[in-house]
Structures are given as structure tokens and as C-alpha cells.
Amino acid sequence: MEERKKKEKSALTFIIALLSVVMGLVASLMIFLNPRSNTPAFPIFCISNIFESVAAGIILAQLIPFYKISKKMEARAGVPCPETRFILFSSIPLTAISVVLVEAVMCLLNIIMARSSIPAEQAPPFIAMYLSTYLPLIIPSVIICYVTAILCSKLIYKMVGIKTPPKNNEV
């Protein structure tokens, strides 16, 4: 049982890392396409955002008890990991928590870097800059990451070797 727990924790960390890559891409595209944004060349900006989001995602995966959240969702769904219905339910808190927190960190870092290149007398208020960048990213990122989590979770669970446990009447 301990081996399965380690595998599930590894799978959840991998899923969060994958979602972090997606968040970095979504944020890069949305910010870059904003005509008011002052971003560097897209490839540099995109790679920077992906690194920031993956680092934040991996750190958060270690700090937040996603495994316990997953087990609670498994009990509520009444379906074992990695059944499809389990993935549909467990992806909701996994996606919501990771998107809100990872995007917050990524936007914070980007706003700090952007403000450092603007003369102090011309810079807009920090909170206004932060919220005008962060808030438009939340809903698209949650939707895209939820779909990504649903589509990739089964494959990731299979890659780490997690199978649906046999039912009591099966041998």
C-alpha cells in the first residue's frame, strides 16, 4: 500500500508540473497578445514564464497536501483512482488550487520585473498592474488546465504504474 501511495504522490506532482507548463503557455500568450503589455520577445518571455510556473508548481506540490485532497475526492466519488469518474472529480480541486496559486506567483514575478524597467514616476500602481494581469488569466487557465488534467491524468497514472484496484469479488 505504501508503494501505491508513493506512486500516486509522484503522479500528482507530475500532473501539477504538466499543468504548470500549460499555465506558463496560456499566460504567455494572453499577456503577449495584450497590446498594452511591454514584454520581451515571445520565445524568451514564454520560456521564462514556463520556468517560473513549473518551479512554483513543483514547490506548491510539495507544500499542499494534494494526495490527501485526492483521497477525499476518491471517497466522495466512490470510485478508486484512476477511474475516469475519479479523474473528473479530483481534477477540480487540483486544477483550481494550482492555477490560482501558480498564476499568482508567476504574475507577481512578472510584475516585479516589469516595474523595475519603468521609471518610478511613470509606473502605474503595483496592485493595479498585478490585478490587471492576474485576474484575466484565471478563468481561461482553469478551463484549459482542467481539460488538460482530464486528458492526461489517465496516461500519467498508467506511466507511474497505478492500476485500478480489483473489486472485492474479483480474484
# chains A, B, ... in the order shown; residues from 1 in each chain; ligands from 1
>>> residues_around(residues="Ile64 in chain A", least_positions_apart="6", cutoff="12 Å", atoms="only C-alpha atoms", output="PyMOL selection string")
chain A and resi 9+12-13+16+56-58+70+93-94+97-98+101
>>> write_last_selection(atoms="N, CA and C atoms", output="JSON list (two decimals), in the first residue's frame")
[["chain", "number", "residue", "atom", "x", "y", "z"],
["A", 9, "LYS", "N", 1.45, 9.99, -5.26],
["A", 9, "LYS", "CA", 2.04, 11.30, -5.00],
["A", 9, "LYS", "C", 2.92, 11.74, -6.17],
["A", 12, "LEU", "N", 0.64, 12.85, -9.01],
["A", 12, "LEU", "CA", 0.06, 14.17, -8.75],
["A", 12, "LEU", "C", 1.09, 15.27, -8.98],
["A", 13, "THR", "N", 2.32, 15.06, -8.55],
["A", 13, "THR", "CA", 3.38, 16.05, -8.79],
["A", 13, "THR", "C", 3.62, 16.22, -10.28],
["A", 16, "ILE", "N", 0.75, 18.21, -11.80],
["A", 16, "ILE", "CA", 0.86, 19.63, -11.47],
["A", 16, "ILE", "C", 1.97, 20.28, -12.30],
["A", 56, "ALA", "N", 7.21, 27.13, -9.45],
["A", 56, "ALA", "CA", 6.16, 27.39, -8.46],
["A", 56, "ALA", "C", 5.26, 26.17, -8.29],
["A", 57, "GLY", "N", 4.92, 25.48, -9.38],
["A", 57, "GLY", "CA", 4.07, 24.29, -9.31],
["A", 57, "GLY", "C", 4.69, 23.16, -8.52],
["A", 58, "ILE", "N", 5.97, 22.91, -8.73],
["A", 58, "ILE", "CA", 6.65, 21.83, -8.02],
["A", 58, "ILE", "C", 6.77, 22.16, -6.53],
["A", 70, "SER", "N", -6.84, 14.44, -2.87],
["A", 70, "SER", "CA", -7.20, 13.40, -3.84],
["A", 70, "SER", "C", -7.93, 12.24, -3.18],
["A", 93, "PRO", "N", -10.39, 20.25, -7.72],
["A", 93, "PRO", "CA", -9.58, 21.00, -6.74],
["A", 93, "PRO", "C", -8.11, 21.08, -7.13],
["A", 94, "LEU", "N", -7.59, 20.05, -7.76],
["A", 94, "LEU", "CA", -6.20, 20.05, -8.19],
["A", 94, "LEU", "C", -5.95, 21.22, -9.14],
["A", 97, "ILE", "N", -6.80, 24.92, -7.30],
["A", 97, "ILE", "CA", -5.77, 25.34, -6.34],
["A", 97, "ILE", "C", -4.47, 25.66, -7.05],
["A", 98, "SER", "N", -4.04, 24.78, -7.94],
["A", 98, "SER", "CA", -2.74, 25.01, -8.58],
["A", 98, "SER", "C", -2.78, 26.22, -9.51],
["A", 101, "LEU", "N", -2.81, 29.57, -7.34],
["A", 101, "LEU", "CA", -1.55, 29.85, -6.66],
["A", 101, "LEU", "C", -0.37, 30.02, -7.62]]
>>> select_by_dssp(residues="range 95-138 of chain A", states="alpha helix (DSSP H)", output="number ranges by chain")
A: 95-116, 126-138
>>> write_last_selection(atoms="N, CA, C and O atoms", output="CSV table (one decimal), in the first residue's frame")
chain,number,residue,atom,x,y,z
A,95,THR,N,-6.8,21.4,-10.1
A,95,THR,CA,-6.7,22.5,-11.1
A,95,THR,C,-6.9,23.8,-10.5
A,95,THR,O,-6.1,24.7,-10.6
A,96,ALA,N,-8.0,23.9,-9.7
A,96,ALA,CA,-8.3,25.3,-9.1
A,96,ALA,C,-7.2,25.8,-8.2
A,96,ALA,O,-6.8,26.9,-8.3
A,97,ILE,N,-6.8,24.9,-7.3
A,97,ILE,CA,-5.8,25.3,-6.3
A,97,ILE,C,-4.5,25.7,-7.1
A,97,ILE,O,-3.9,26.7,-6.8
A,98,SER,N,-4.0,24.8,-7.9
A,98,SER,CA,-2.7,25.0,-8.6
A,98,SER,C,-2.8,26.2,-9.5
A,98,SER,O,-1.8,27.0,-9.5
A,99,VAL,N,-3.9,26.4,-10.2
A,99,VAL,CA,-3.9,27.6,-11.1
A,99,VAL,C,-3.9,28.9,-10.3
A,99,VAL,O,-3.2,29.8,-10.6
A,100,VAL,N,-4.8,29.0,-9.3
A,100,VAL,CA,-4.8,30.2,-8.5
A,100,VAL,C,-3.5,30.5,-7.9
A,100,VAL,O,-3.0,31.7,-8.0
A,101,LEU,N,-2.8,29.6,-7.3
A,101,LEU,CA,-1.6,29.9,-6.7
A,101,LEU,C,-0.4,30.0,-7.6
A,101,LEU,O,0.4,30.9,-7.5
A,102,VAL,N,-0.3,29.2,-8.6
A,102,VAL,CA,0.9,29.3,-9.5
A,102,VAL,C,0.8,30.5,-10.4
A,102,VAL,O,1.8,31.2,-10.6
A,103,GLU,N,-0.4,30.8,-10.9
A,103,GLU,CA,-0.6,32.1,-11.6
A,103,GLU,C,-0.3,33.3,-10.8
A,103,GLU,O,0.3,34.3,-11.2
A,104,ALA,N,-0.7,33.3,-9.5
A,104,ALA,CA,-0.4,34.4,-8.6
A,104,ALA,C,1.1,34.6,-8.5
A,104,ALA,O,1.6,35.7,-8.6
A,105,VAL,N,1.9,33.5,-8.3
A,105,VAL,CA,3.3,33.7,-8.1
A,105,VAL,C,3.9,34.1,-9.5
A,105,VAL,O,4.8,35.0,-9.5
A,106,MET,N,3.5,33.5,-10.6
A,106,MET,CA,4.1,33.9,-11.9
A,106,MET,C,3.8,35.4,-12.2
A,106,MET,O,4.7,36.1,-12.7
A,107,CYS,N,2.5,35.8,-12.0
A,107,CYS,CA,2.2,37.2,-12.2
A,107,CYS,C,3.0,38.1,-11.3
A,107,CYS,O,3.4,39.2,-11.8
A,108,LEU,N,3.1,37.8,-10.1
A,108,LEU,CA,3.9,38.6,-9.1
A,108,LEU,C,5.3,38.8,-9.6
A,108,LEU,O,5.8,39.9,-9.7
A,109,LEU,N,6.0,37.7,-10.0
A,109,LEU,CA,7.3,37.8,-10.6
A,109,LEU,C,7.4,38.7,-11.8
A,109,LEU,O,8.3,39.5,-12.0
A,110,ASN,N,6.4,38.5,-12.7
A,110,ASN,CA,6.4,39.3,-14.0
A,110,ASN,C,6.2,40.7,-13.7
A,110,ASN,O,6.8,41.6,-14.3
A,111,ILE,N,5.3,41.1,-12.8
A,111,ILE,CA,5.0,42.5,-12.5
A,111,ILE,C,6.2,43.1,-11.8
A,111,ILE,O,6.6,44.3,-12.1
A,112,ILE,N,6.9,42.4,-10.9
A,112,ILE,CA,8.1,42.9,-10.2
A,112,ILE,C,9.1,43.2,-11.3
A,112,ILE,O,9.8,44.3,-11.3
A,113,MET,N,9.3,42.3,-12.3
A,113,MET,CA,10.3,42.6,-13.3
A,113,MET,C,9.9,43.7,-14.2
A,113,MET,O,10.8,44.5,-14.6
A,114,ALA,N,8.6,43.8,-14.6
A,114,ALA,CA,8.2,44.8,-15.4
A,114,ALA,C,8.3,46.2,-14.8
A,114,ALA,O,8.7,47.2,-15.4
A,115,ARG,N,7.9,46.3,-13.5
A,115,ARG,CA,8.0,47.6,-12.8
A,115,ARG,C,9.4,48.0,-12.6
A,115,ARG,O,9.7,49.2,-12.5
A,116,SER,N,10.4,47.1,-12.6
A,116,SER,CA,11.8,47.5,-12.4
A,116,SER,C,12.3,48.2,-13.6
A,116,SER,O,13.3,49.0,-13.5
A,126,PHE,N,1.2,49.4,-8.2
A,126,PHE,CA,1.6,48.0,-8.2
A,126,PHE,C,0.3,47.1,-8.2
A,126,PHE,O,0.2,46.1,-9.0
A,127,ILE,N,-0.6,47.3,-7.3
A,127,ILE,CA,-1.8,46.5,-7.2
A,127,ILE,C,-2.6,46.5,-8.5
A,127,ILE,O,-3.1,45.5,-9.0
A,128,ALA,N,-2.7,47.7,-9.1
A,128,ALA,CA,-3.5,47.8,-10.4
A,128,ALA,C,-2.8,47.0,-11.5
A,128,ALA,O,-3.5,46.3,-12.3
A,129,MET,N,-1.5,47.1,-11.5
A,129,MET,CA,-0.7,46.3,-12.5
A,129,MET,C,-0.9,44.8,-12.3
A,129,MET,O,-1.1,44.0,-13.2
A,130,TYR,N,-0.8,44.4,-11.0
A,130,TYR,CA,-0.9,43.0,-10.7
A,130,TYR,C,-2.3,42.4,-11.0
A,130,TYR,O,-2.4,41.4,-11.7
A,131,LEU,N,-3.3,43.1,-10.5
A,131,LEU,CA,-4.7,42.6,-10.7
A,131,LEU,C,-5.1,42.6,-12.2
A,131,LEU,O,-5.8,41.7,-12.7
A,132,SER,N,-4.6,43.6,-13.0
A,132,SER,CA,-5.0,43.7,-14.4
A,132,SER,C,-4.3,42.6,-15.2
A,132,SER,O,-4.7,42.3,-16.3
A,133,THR,N,-3.2,42.0,-14.6
A,133,THR,CA,-2.6,40.9,-15.3
A,133,THR,C,-3.1,39.6,-14.8
A,133,THR,O,-3.4,38.7,-15.6
A,134,TYR,N,-3.3,39.5,-13.5
A,134,TYR,CA,-3.7,38.2,-12.9
A,134,TYR,C,-5.1,37.8,-13.1
A,134,TYR,O,-5.4,36.7,-13.5
A,135,LEU,N,-6.0,38.7,-12.9
A,135,LEU,CA,-7.5,38.3,-13.0
A,135,LEU,C,-7.9,37.8,-14.3
A,135,LEU,O,-8.6,36.8,-14.4
A,136,PRO,N,-7.5,38.4,-15.5
A,136,PRO,CA,-7.9,37.9,-16.8
A,136,PRO,C,-7.4,36.5,-17.1
A,136,PRO,O,-7.9,35.8,-17.9
A,137,LEU,N,-6.3,36.1,-16.4
A,137,LEU,CA,-5.7,34.8,-16.6
A,137,LEU,C,-6.4,33.6,-15.9
A,137,LEU,O,-6.4,32.5,-16.4
A,138,ILE,N,-7.1,33.9,-14.9
A,138,ILE,CA,-7.7,32.8,-14.0
A,138,ILE,C,-8.7,31.9,-14.7
A,138,ILE,O,-8.5,30.7,-14.8
>>> closest_atom_pairs(of="range 123-142 of chain A", to="range 22-26 of chain A", cutoff="9 Å", atoms="only C-alpha atoms", output="CSV")
residue,atom,partner,partner_atom,distance
A:Leu137,CA,A:Val26,CA,7.9
A:Pro140,CA,A:Val26,CA,7.9
A:Ser141,CA,A:Met23,CA,6.1
A:Val142,CA,A:Met23,CA,8.7
>>> residues_around(residues="Glu74 in chain A", least_positions_apart="5", cutoff="10 Å", atoms="only C-alpha atoms", output="list in words")
Lys68, Ile69, Val79, Pro80, Cys81, Pro82, Glu83, Arg85, Phe86, Ile87, Phe89 and Ser90 of chain A
>>> write_last_selection(atoms="all heavy atoms", output="compact mmCIF listing (two decimals), in the first residue's frame")
# COMPACT_ATOMS: atom_id res chain seq x y z
N LYS A 68 -3.84 14.06 0.02
CA LYS A 68 -4.99 13.98 0.94
C LYS A 68 -6.26 14.50 0.28
O LYS A 68 -7.33 13.94 0.46
CB LYS A 68 -4.70 14.76 2.22
CG LYS A 68 -3.65 14.12 3.09
CD LYS A 68 -3.39 14.93 4.35
CE LYS A 68 -2.31 14.27 5.19
NZ LYS A 68 -2.00 15.03 6.39
N ILE A 69 -6.11 15.58 -0.47
CA ILE A 69 -7.27 16.12 -1.20
C ILE A 69 -7.77 15.09 -2.19
O ILE A 69 -8.97 14.86 -2.32
CB ILE A 69 -6.89 17.44 -1.91
CG1 ILE A 69 -6.58 18.53 -0.87
CG2 ILE A 69 -8.01 17.90 -2.84
CD1 ILE A 69 -5.94 19.77 -1.45
N VAL A 79 -15.28 6.08 -6.22
CA VAL A 79 -14.60 5.38 -7.31
C VAL A 79 -13.10 5.46 -7.05
O VAL A 79 -12.59 6.51 -6.69
CB VAL A 79 -14.93 6.05 -8.66
CG1 VAL A 79 -14.25 5.33 -9.80
CG2 VAL A 79 -16.42 6.10 -8.89
N PRO A 80 -12.39 4.34 -7.22
CA PRO A 80 -10.95 4.37 -6.94
C PRO A 80 -10.15 5.09 -8.03
O PRO A 80 -10.58 5.21 -9.18
CB PRO A 80 -10.58 2.89 -6.88
CG PRO A 80 -11.58 2.22 -7.76
CD PRO A 80 -12.85 3.02 -7.61
N CYS A 81 -8.98 5.54 -7.63
CA CYS A 81 -8.01 6.11 -8.56
C CYS A 81 -7.51 4.97 -9.43
O CYS A 81 -7.27 3.89 -8.92
CB CYS A 81 -6.88 6.73 -7.75
SG CYS A 81 -5.49 7.31 -8.70
N PRO A 82 -7.38 5.07 -10.67
CA PRO A 82 -7.50 6.14 -11.64
C PRO A 82 -8.73 6.02 -12.55
O PRO A 82 -8.62 6.26 -13.75
CB PRO A 82 -6.23 6.02 -12.43
CG PRO A 82 -6.01 4.54 -12.53
CD PRO A 82 -6.55 3.99 -11.24
N GLU A 83 -9.85 5.64 -12.01
CA GLU A 83 -11.08 5.56 -12.81
C GLU A 83 -11.41 6.93 -13.40
O GLU A 83 -11.07 7.96 -12.83
CB GLU A 83 -12.25 5.07 -11.95
CG GLU A 83 -12.12 3.65 -11.48
CD GLU A 83 -12.48 2.64 -12.56
OE1 GLU A 83 -13.37 2.95 -13.38
OE2 GLU A 83 -11.88 1.57 -12.56
N ARG A 85 -14.24 8.62 -13.59
CA ARG A 85 -15.05 9.48 -12.72
C ARG A 85 -14.20 10.07 -11.61
O ARG A 85 -14.38 11.22 -11.23
CB ARG A 85 -16.23 8.70 -12.16
CG ARG A 85 -17.28 9.60 -11.54
CD ARG A 85 -18.55 8.88 -11.27
NE ARG A 85 -18.33 7.88 -10.21
CZ ARG A 85 -19.28 7.22 -9.61
NH1 ARG A 85 -20.54 7.40 -9.95
NH2 ARG A 85 -19.00 6.34 -8.67
N PHE A 86 -13.25 9.31 -11.09
CA PHE A 86 -12.32 9.84 -10.09
C PHE A 86 -11.52 11.00 -10.67
O PHE A 86 -11.35 12.04 -10.03
CB PHE A 86 -11.37 8.74 -9.60
CG PHE A 86 -10.18 9.29 -8.87
CD1 PHE A 86 -10.29 9.70 -7.56
CD2 PHE A 86 -8.95 9.41 -9.50
CE1 PHE A 86 -9.20 10.23 -6.89
CE2 PHE A 86 -7.86 9.92 -8.84
CZ PHE A 86 -7.98 10.33 -7.54
N ILE A 87 -11.02 10.83 -11.87
CA ILE A 87 -10.23 11.88 -12.52
C ILE A 87 -11.07 13.13 -12.74
O ILE A 87 -10.60 14.25 -12.51
CB ILE A 87 -9.61 11.36 -13.83
CG1 ILE A 87 -8.53 10.32 -13.51
CG2 ILE A 87 -9.04 12.50 -14.66
CD1 ILE A 87 -7.99 9.58 -14.70
N PHE A 89 -13.59 14.20 -10.94
CA PHE A 89 -13.79 14.87 -9.65
C PHE A 89 -12.49 15.41 -9.06
O PHE A 89 -12.45 16.54 -8.59
CB PHE A 89 -14.46 13.93 -8.64
CG PHE A 89 -15.90 13.69 -8.90
CD1 PHE A 89 -16.38 12.41 -9.08
CD2 PHE A 89 -16.80 14.74 -8.96
CE1 PHE A 89 -17.73 12.18 -9.32
CE2 PHE A 89 -18.14 14.53 -9.20
CZ PHE A 89 -18.61 13.24 -9.37
N SER A 90 -11.45 14.61 -9.05
CA SER A 90 -10.21 15.03 -8.39
C SER A 90 -9.48 16.14 -9.15
O SER A 90 -8.70 16.88 -8.55
CB SER A 90 -9.28 13.85 -8.17
OG SER A 90 -8.78 13.39 -9.40
>>> residues_around(residues="Val21 in chain A", least_positions_apart="5", cutoff="10 Å", atoms="only C-alpha atoms", output="list in words")
Ile15, Ile16, Val26, Ala27, Cys46, Ile47, Asn49, Ile50, Phe51, Glu52, Ser53, Val54, Ala55, Gly57 and Cys145 of chain A
>>> write_last_selection(atoms="N, CA and C atoms", output="PDB file, in the first residue's frame")
ATOM      1  N   ILE A  15       1.450  15.643 -12.696  1.00  0.00           N
ATOM      2  CA  ILE A  15       0.284  16.318 -13.265  1.00  0.00           C
ATOM      3  C   ILE A  15       0.368  17.821 -13.001  1.00  0.00           C
ATOM      4  N   ILE A  16       0.745  18.206 -11.801  1.00  0.00           N
ATOM      5  CA  ILE A  16       0.864  19.628 -11.473  1.00  0.00           C
ATOM      6  C   ILE A  16       1.974  20.280 -12.299  1.00  0.00           C
ATOM      7  N   VAL A  26      -0.288  29.520 -21.510  1.00  0.00           N
ATOM      8  CA  VAL A  26      -1.518  30.318 -21.575  1.00  0.00           C
ATOM      9  C   VAL A  26      -1.230  31.755 -21.160  1.00  0.00           C
ATOM     10  N   ALA A  27      -0.527  31.919 -20.041  1.00  0.00           N
ATOM     11  CA  ALA A  27      -0.208  33.265 -19.565  1.00  0.00           C
ATOM     12  C   ALA A  27       0.657  34.013 -20.576  1.00  0.00           C
ATOM     13  N   CYS A  46       8.039  33.432 -23.112  1.00  0.00           N
ATOM     14  CA  CYS A  46       7.346  32.148 -22.935  1.00  0.00           C
ATOM     15  C   CYS A  46       8.195  31.182 -22.102  1.00  0.00           C
ATOM     16  N   ILE A  47       9.459  31.047 -22.444  1.00  0.00           N
ATOM     17  CA  ILE A  47      10.344  30.145 -21.702  1.00  0.00           C
ATOM     18  C   ILE A  47      10.487  30.604 -20.250  1.00  0.00           C
ATOM     19  N   ASN A  49       8.281  32.325 -18.492  1.00  0.00           N
ATOM     20  CA  ASN A  49       7.028  32.022 -17.795  1.00  0.00           C
ATOM     21  C   ASN A  49       6.889  30.535 -17.489  1.00  0.00           C
ATOM     22  N   ILE A  50       7.308  29.701 -18.401  1.00  0.00           N
ATOM     23  CA  ILE A  50       7.219  28.254 -18.171  1.00  0.00           C
ATOM     24  C   ILE A  50       8.133  27.853 -17.008  1.00  0.00           C
ATOM     25  N   PHE A  51       9.357  28.364 -16.996  1.00  0.00           N
ATOM     26  CA  PHE A  51      10.261  28.059 -15.875  1.00  0.00           C
ATOM     27  C   PHE A  51       9.687  28.534 -14.552  1.00  0.00           C
ATOM     28  N   GLU A  52       9.160  29.765 -14.535  1.00  0.00           N
ATOM     29  CA  GLU A  52       8.572  30.306 -13.310  1.00  0.00           C
ATOM     30  C   GLU A  52       7.400  29.455 -12.835  1.00  0.00           C
ATOM     31  N   SER A  53       6.520  29.099 -13.757  1.00  0.00           N
ATOM     32  CA  SER A  53       5.323  28.352 -13.363  1.00  0.00           C
ATOM     33  C   SER A  53       5.649  26.927 -12.943  1.00  0.00           C
ATOM     34  N   VAL A  54       6.583  26.278 -13.607  1.00  0.00           N
ATOM     35  CA  VAL A  54       6.956  24.913 -13.217  1.00  0.00           C
ATOM     36  C   VAL A  54       7.633  24.920 -11.849  1.00  0.00           C
ATOM     37  N   ALA A  55       8.515  25.874 -11.617  1.00  0.00           N
ATOM     38  CA  ALA A  55       9.167  25.967 -10.302  1.00  0.00           C
ATOM     39  C   ALA A  55       8.124  26.193  -9.211  1.00  0.00           C
ATOM     40  N   GLY A  57       4.923  25.484  -9.379  1.00  0.00           N
ATOM     41  CA  GLY A  57       4.067  24.294  -9.310  1.00  0.00           C
ATOM     42  C   GLY A  57       4.692  23.163  -8.521  1.00  0.00           C
ATOM     43  N   CYS A 145      -6.546  24.125 -18.107  1.00  0.00           N
ATOM     44  CA  CYS A 145      -5.822  23.173 -17.257  1.00  0.00           C
ATOM     45  C   CYS A 145      -6.716  22.020 -16.808  1.00  0.00           C
TER      46      CYS A 145
END
>>> closest_residue(among="A:Ala11, A:Leu33, A:Ile92, A:Ala77", to="Ala61 in chain A", atoms="only C-alpha atoms")
A:Ala11
>>> atom_distance(atom1="CA of Ser28 in chain A", atom2="CA of Pro40 in chain A")
10.7 Å
>>> atom_distance(atom1="CA of Val160 in chain A", atom2="CA of Leu18 in chain A")
14.5 Å
>>> atom_distance(atom1="CA of Tyr67 in chain A", atom2="CA of Lys158 in chain A")
17.0 Å
